[in-house]
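Peer 1: So here's work.csv (CSV, C-alpha atoms).
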```csv
chain,number,residue,atom,x,y,z
A,66,ALA,CA,74.7,98.6,78.8
A,67,VAL,CA,74.0,98.1,75.1
A,68,PHE,CA,73.6,94.3,75.4
A,69,TYR,CA,71.6,94.6,78.6
A,70,LEU,CA,69.2,97.3,77.3
A,71,GLY,CA,69.0,95.6,73.9
A,72,SER,CA,68.1,92.2,75.4
A,73,ILE,CA,65.4,93.8,77.6
A,74,PHE,CA,64.1,95.6,74.4
A,75,VAL,CA,63.9,92.2,72.6
A,76,VAL,CA,62.0,90.6,75.5
A,77,LEU,CA,59.5,93.5,75.6
A,78,THR,CA,58.9,93.2,71.9
A,79,LEU,CA,58.1,89.5,72.2
A,80,LEU,CA,56.1,89.6,75.5
A,81,PRO,CA,54.0,92.1,77.3
A,82,TRP,CA,55.6,93.3,80.5
A,83,ASN,CA,52.8,91.8,82.7
A,84,ASP,CA,52.8,88.3,81.1
A,85,PRO,CA,52.5,85.7,83.8
A,86,SER,CA,55.1,83.5,82.2
A,87,ILE,CA,57.8,86.1,82.9
A,88,GLN,CA,57.4,85.5,86.7
A,89,GLU,CA,57.0,81.8,86.3
A,90,LYS,CA,60.0,81.0,84.0
A,91,GLY,CA,62.0,84.2,83.9
A,92,SER,CA,62.1,86.9,81.3
A,93,TYR,CA,64.6,85.4,78.9
A,94,VAL,CA,63.3,81.8,79.1
A,95,ALA,CA,59.7,83.1,78.5
A,96,ALA,CA,60.9,85.0,75.5
A,97,LEU,CA,62.7,82.0,74.0
A,98,ASP,CA,59.6,79.8,74.7
A,99,SER,CA,57.4,82.3,72.9
A,100,ILE,CA,59.4,81.9,69.6
A,101,GLY,CA,59.4,78.2,69.8
A,102,ILE,CA,63.0,77.4,70.9
A,103,PRO,CA,62.9,74.0,72.6
A,104,GLN,CA,64.6,73.4,76.0
A,105,ALA,CA,64.8,77.2,76.5
A,106,GLY,CA,65.3,76.7,80.3
A,107,ASN,CA,68.3,74.4,79.8
A,108,VAL,CA,69.8,76.8,77.3
A,109,MET,CA,69.6,79.6,79.8
A,110,ASP,CA,71.0,77.4,82.6
A,111,PHE,CA,74.0,76.6,80.3
A,112,ILE,CA,74.5,80.3,79.6
A,113,VAL,CA,74.3,81.2,83.3
A,114,LEU,CA,76.7,78.5,84.2
A,115,THR,CA,79.1,79.7,81.5
A,116,ALA,CA,78.9,83.3,82.9
A,117,VAL,CA,79.5,82.1,86.4
A,118,LEU,CA,82.6,80.1,85.4
A,119,SER,CA,83.8,83.2,83.6
A,120,CYS,CA,83.3,85.3,86.7
A,121,LEU,CA,85.1,82.6,88.7
A,122,ASN,CA,88.0,82.6,86.4
A,123,SER,CA,88.4,86.4,86.4
A,124,GLY,CA,87.9,86.6,90.2
A,125,LEU,CA,90.6,84.0,90.7
A,126,TYR,CA,93.0,85.9,88.5
A,127,THR,CA,92.2,89.2,90.2
A,128,ALA,CA,92.5,87.8,93.7
A,129,SER,CA,95.8,86.0,93.0
A,130,ARG,CA,97.2,89.0,91.2
A,131,MET,CA,96.3,91.3,94.2
A,132,ALA,CA,97.9,88.8,96.6
A,133,PHE,CA,101.0,88.7,94.5
A,134,SER,CA,101.2,92.5,94.4
A,135,LEU,CA,100.6,92.8,98.2
A,136,GLY,CA,103.4,90.2,98.7
A,137,GLU,CA,105.8,92.2,96.6
A,138,ARG,CA,105.1,95.4,98.6
A,139,GLY,CA,105.4,93.6,102.0
A,140,ASP,CA,101.7,94.0,102.8
A,141,ALA,CA,101.2,90.2,102.6
A,142,PRO,CA,103.3,87.1,103.2
A,143,LYS,CA,106.5,87.2,101.0
A,144,SER,CA,105.6,83.7,99.7
A,145,PHE,CA,102.8,85.3,97.7
A,146,ALA,CA,105.4,87.1,95.6
A,147,LYS,CA,107.3,84.0,94.6
A,148,VAL,CA,106.7,82.5,91.2
A,149,ASN,CA,107.6,79.1,89.7
A,150,ARG,CA,109.6,78.4,86.6
A,151,ARG,CA,106.7,79.5,84.3
A,152,GLY,CA,106.3,82.8,86.2
A,153,VAL,CA,103.1,81.7,88.0
A,154,PRO,CA,102.5,82.8,91.6
A,155,GLN,CA,101.5,79.4,92.9
A,156,ALA,CA,101.2,80.4,96.5
A,157,ALA,CA,99.0,83.4,95.7
A,158,ILE,CA,96.7,81.3,93.6
A,159,LEU,CA,96.5,78.4,96.1
A,160,ALA,CA,95.7,80.9,98.9
A,161,SER,CA,93.0,82.5,96.8
A,162,VAL,CA,91.4,79.1,96.0
A,163,VAL,CA,91.5,78.1,99.7
A,164,PHE,CA,90.0,81.3,100.7
A,165,GLY,CA,87.3,80.9,98.1
A,166,PHE,CA,86.4,77.4,99.3
A,167,VAL,CA,86.3,78.7,102.9
A,168,ALA,CA,84.0,81.5,101.9
A,169,VAL,CA,81.7,79.1,100.0
A,170,PHE,CA,81.6,76.9,103.1
A,171,PHE,CA,80.6,79.7,105.4
A,172,ASN,CA,78.1,81.0,102.9
A,173,TYR,CA,76.6,77.5,102.7
A,174,GLN,CA,76.4,77.1,106.5
A,175,TRP,CA,75.1,80.6,107.3
A,176,PRO,CA,73.8,82.1,103.9
A,177,ASP,CA,72.0,85.1,105.4
A,178,THR,CA,74.4,86.0,108.2
A,179,VAL,CA,77.7,85.9,106.3
A,180,PHE,CA,76.5,87.8,103.2
A,181,GLN,CA,74.8,90.4,105.3
A,182,PHE,CA,77.9,90.9,107.4
A,183,LEU,CA,80.2,91.3,104.4
A,184,LEU,CA,77.7,93.7,102.7
A,185,ASN,CA,77.4,95.9,105.8
A,186,SER,CA,81.1,95.9,106.7
A,187,SER,CA,82.0,97.2,103.3
A,188,GLY,CA,79.0,99.3,102.5
A,189,ALA,CA,80.4,102.7,103.4
A,190,VAL,CA,84.1,101.9,102.8
A,191,ALA,CA,84.0,103.5,99.3
A,192,LEU,CA,82.7,106.7,100.8
A,193,PHE,CA,85.6,106.7,103.3
A,194,VAL,CA,88.1,106.1,100.5
A,195,TRP,CA,86.8,109.0,98.5
A,196,LEU,CA,86.8,111.2,101.6
A,197,VAL,CA,90.5,110.4,102.1
A,198,ILE,CA,91.2,111.0,98.4
A,199,CYS,CA,89.7,114.5,98.7
A,200,PHE,CA,91.7,115.4,101.8
A,201,THR,CA,94.8,114.0,100.2
A,202,GLN,CA,94.3,116.1,97.1
A,203,LEU,CA,94.0,119.3,99.2
A,204,ARG,CA,97.2,118.6,101.0
A,205,MET,CA,99.3,117.2,98.1
A,206,ARG,CA,98.3,120.0,95.7
A,207,GLY,CA,99.4,122.6,98.3
A,208,ILE,CA,102.7,120.8,98.7
A,209,ILE,CA,103.3,120.6,94.9
A,210,LEU,CA,102.5,124.3,94.4
A,211,ARG,CA,105.0,125.2,97.1
A,212,GLU,CA,107.8,122.9,96.1
A,213,THR,CA,107.6,121.9,92.4
A,214,PRO,CA,104.8,123.9,90.7
A,215,GLY,CA,106.0,122.9,87.3
A,216,LYS,CA,104.9,119.3,87.9
A,217,LEU,CA,101.3,120.4,88.2
A,218,VAL,CA,100.4,119.9,84.5
A,219,VAL,CA,96.7,119.0,84.9
A,220,ARG,CA,94.6,121.4,87.0
A,221,MET,CA,91.2,120.4,88.3
A,222,TRP,CA,88.4,122.8,87.7
A,223,LEU,CA,87.0,124.9,90.6
A,224,PHE,CA,89.8,123.8,92.9
A,225,PRO,CA,89.5,123.8,96.0
A,226,TYR,CA,85.8,124.6,96.0
A,227,LEU,CA,84.7,121.5,94.1
A,228,THR,CA,86.8,119.3,96.4
A,229,TRP,CA,85.3,120.9,99.6
A,230,ALA,CA,81.9,120.5,98.0
A,231,THR,CA,82.6,116.8,97.5
A,232,ILE,CA,83.8,116.5,101.1
A,233,ALA,CA,80.6,118.2,102.3
A,234,ALA,CA,78.4,115.9,100.2
A,235,ILE,CA,80.1,112.7,101.4
A,236,SER,CA,79.9,113.9,105.0
A,237,PHE,CA,76.2,114.6,104.6
A,238,ILE,CA,75.6,111.1,103.2
A,239,LEU,CA,77.5,109.5,106.1
A,240,VAL,CA,75.6,111.5,108.7
A,241,TYR,CA,72.3,110.7,107.1
A,242,MET,CA,73.2,107.0,107.1
A,243,LEU,CA,73.9,107.2,110.8
A,244,THR,CA,70.4,108.6,111.3
A,245,ASP,CA,68.8,105.8,109.2
A,246,ASP,CA,68.0,102.6,111.0
A,247,THR,CA,68.7,100.4,107.9
A,248,ALA,CA,72.0,102.1,107.0
A,249,ARG,CA,73.5,102.7,110.5
A,250,GLU,CA,75.0,99.2,110.7
A,251,GLN,CA,76.8,99.7,107.4
A,252,VAL,CA,78.5,102.9,108.7
A,253,VAL,CA,79.4,101.4,112.1
A,254,LEU,CA,80.9,98.2,110.7
A,255,SER,CA,82.7,100.1,107.9
A,256,LEU,CA,84.2,102.4,110.5
A,257,LEU,CA,85.4,99.3,112.5
A,258,VAL,CA,86.9,97.8,109.3
A,259,ALA,CA,88.6,101.1,108.5
A,260,ALA,CA,89.9,101.5,112.0
A,261,LEU,CA,91.3,98.0,111.9
A,262,VAL,CA,93.1,98.6,108.6
A,263,VAL,CA,94.5,101.9,109.8
A,264,GLY,CA,95.7,100.3,113.1
A,265,ILE,CA,97.4,97.4,111.3
A,266,SER,CA,99.1,99.9,108.9
A,267,LEU,CA,100.4,102.0,111.9
A,268,VAL,CA,101.7,98.9,113.7
A,269,ARG,CA,103.5,97.8,110.5
A,270,GLU,CA,105.0,101.2,109.9
A,271,MET,CA,106.3,101.4,113.5
A,272,ARG,CA,107.9,97.9,113.1
A,273,ASN,CA,109.5,98.9,109.8
A,274,ARG,CA,110.9,102.1,111.4
A,275,LYS,CA,112.4,100.1,114.3
A,276,ALA,CA,113.9,97.6,111.9
A,277,VAL,CA,115.5,100.4,109.8
A,278,SER,CA,116.9,102.1,112.9
A,279,LYS,CA,118.5,98.9,114.1
```
Written as structure tokens, how would this file's structure read?
Peer 2:
Amino acid sequence: AVFYLGSIFVVLTLLPWNDPSIQEKGSYVAALDSIGIPQAGNVMDFIVLTAVLSCLNSGLYTASRMAFSLGERGDAPKSFAKVNRRGVPQAAILASVVFGFVAVFFNYQWPDTVFQFLLNSSGAVALFVWLVICFTQLRMRGIILRETPGKLVVRMWLFPYLTWATIAAISFILVYMLTDDTAREQVVLSLLVAALVVGISLVREMRNRKAVSK
């Protein structure tokens, strides 16, 4: 936030907010041009490319690490949890790279459709996650108070009223999104994704129980 706001402050001190060059070249390029830095556009292209490569590196690490963790827990192929002599999860990294190339291909072929679908199908998932967290807290805190009250070291303020207020607020937002034409698709697709994930989890749990019973 400091760097973002600071850079905007510097741009505004060098150029007026309605300067035409800001729209033509971009705010940072126009600011660099105004103080006589040559090839400002190329400099910004290099900075943006470096930032994109940094994001790619961190995204590859995060994706492969998540695949490795899922493989260890049995939520992904076991091969993802295997490492080589240097402790590198090669299968997880290769799978993440292949998935990335496939995503780039689909985004290149159908740029508007694919991105819009991914955005809509995950738009309300965070709200569902927080809703589940709230209900889980209500249930788990009651269980802890009955069975092992000594483990409840940190107590949330205004419990359970604040939790119920959060549930009400999230429910209101979801209902409002259903009534809005632009947000309805996000809720519906997110519900389908959530139902698919829950269905897969239930099927896996049933299979694990059958395997244990045998």
Peer 1: Using all atoms listed in the file, find each residue in range 123-157 of chain A having at least one atom no more than 12 Å away from range 255-269 of chain A; report its shortest atom-to-atom pair and that distance in Å (one decimal), rows by chain then rising number, as JSON lines.
Peer 2:
```
{"residue": "A:Gly139", "atom": "CA", "partner": "A:Arg269", "partner_atom": "CA", "distance": 9.7}
{"residue": "A:Asp140", "atom": "CA", "partner": "A:Arg269", "partner_atom": "CA", "distance": 8.8}
{"residue": "A:Ala141", "atom": "CA", "partner": "A:Arg269", "partner_atom": "CA", "distance": 11.2}
```
Peer 1: Create the file for the chosen residues now, containing C-alpha atoms and written as a PDB file, keeping the file's coordinate frame.
Peer 2:
```
ATOM      1  CA  GLY A 139     105.400  93.600 102.000  1.00  0.00           C
ATOM      2  CA  ASP A 140     101.700  94.000 102.800  1.00  0.00           C
ATOM      3  CA  ALA A 141     101.200  90.200 102.600  1.00  0.00           C
TER       4      ALA A 141
END
```
Peer 1: Just want the 6 Å neighbourhood of Val94 in chain A, counted on all atoms listed in the file, with same-chain residues fewer than 4 positions away dropped. Output as a list in words.
Peer 2: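 That gives Lys90, Ala105 and Gly106 of chain A.
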Peer 1: Pick out the closest residue to Val113 in chain A from this set: A:Ser86, A:Tyr93, A:Val190, A:Ser99. Count only C-alpha atoms.
Peer 2: A:Tyr93
Peer 1: Would you list the contacts of Cys199 in chain A as a ChimeraX atom specification, taking every protein, DNA or RNA residue within 9 Å and counting all atoms listed in the file, but skipping same-chain residues closer than 6 positions in sequence?
Peer 2: /A:228-229,231-232
Peer 1: What is the CA of Gln181 in chain A-CA of Phe166 in chain A distance in Å, reported with one decimal?
Peer 2: 18.4 Å
Peer 1: Have a look at CA of Thr201 in chain A and CA of Pro225 in chain A and let me know their distance in Å, one decimal.
Peer 2: 11.9 Å
Peer 1: Excluding Leu184 in chain A and any residue of its chain fewer than 5 positions from it, enumerate the residues within 10 Å of it, using only C-alpha atoms, and give them as JSON, numbers by chain.
Peer 2: {"A": [179, 189, 251, 254, 255]}
Peer 1: Rounded to one decimal, what separation in Å do you get between CA of Met221 in chain A and CA of Ser187 in chain A?
Peer 2: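 According to the coordinates, CA of Met221 in chain A and CA of Ser187 in chain A are separated by 29.1 Å.
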Peer 1: Excluding Gly207 in chain A and its own-chain neighbours fewer than 6 positions away, which residues fall within 12 Å of it when counting only C-alpha atoms? Please give them as a ChimeraX atom specification.
Peer 2: /A:200-201,213-214,217,224-225
Peer 1: Of the candidates A:Ala132, A:Val253, A:Phe111, A:Val75, which one gets nearest to Ala95 in chain A if we count all atoms listed in the file?
Peer 2: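 That would be A:Val75, the residue with the smallest distance to Ala95 in chain A.
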Peer 1: Of the residues A:Ile235, A:Pro85, A:Asn273, A:Leu118, which is the one nearest to Trp195 in chain A, using all atoms listed in the file?
Peer 2: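 Among the listed residues, A:Ile235 lies closest to Trp195 in chain A.
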Peer 1: Would you mind listing what lies within 10 Å of Leu125 in chain A as a VMD selection string, with only C-alpha atoms counted and same-chain residues fewer than 3 positions away left out?
Peer 2: chain A and resid 119 to 122 128 to 131 157 to 159 161 to 162 165
Peer 1: Taking the point (104.1, 80.1, 96.5) as given in the file, collect each protein or nucleic acid residue that comes within 9 Å of it, counting all atoms listed in the file, and present the set as a ChimeraX atom specification.
Peer 2: /A:143-149,153-160
Peer 1: Point out the residue among A:Leu203, A:Leu135, A:Ile208, A:Ala96 with the least atom-to-atom distance to Phe74 in chain A, counting only C-alpha atoms.
Peer 2: A:Ala96
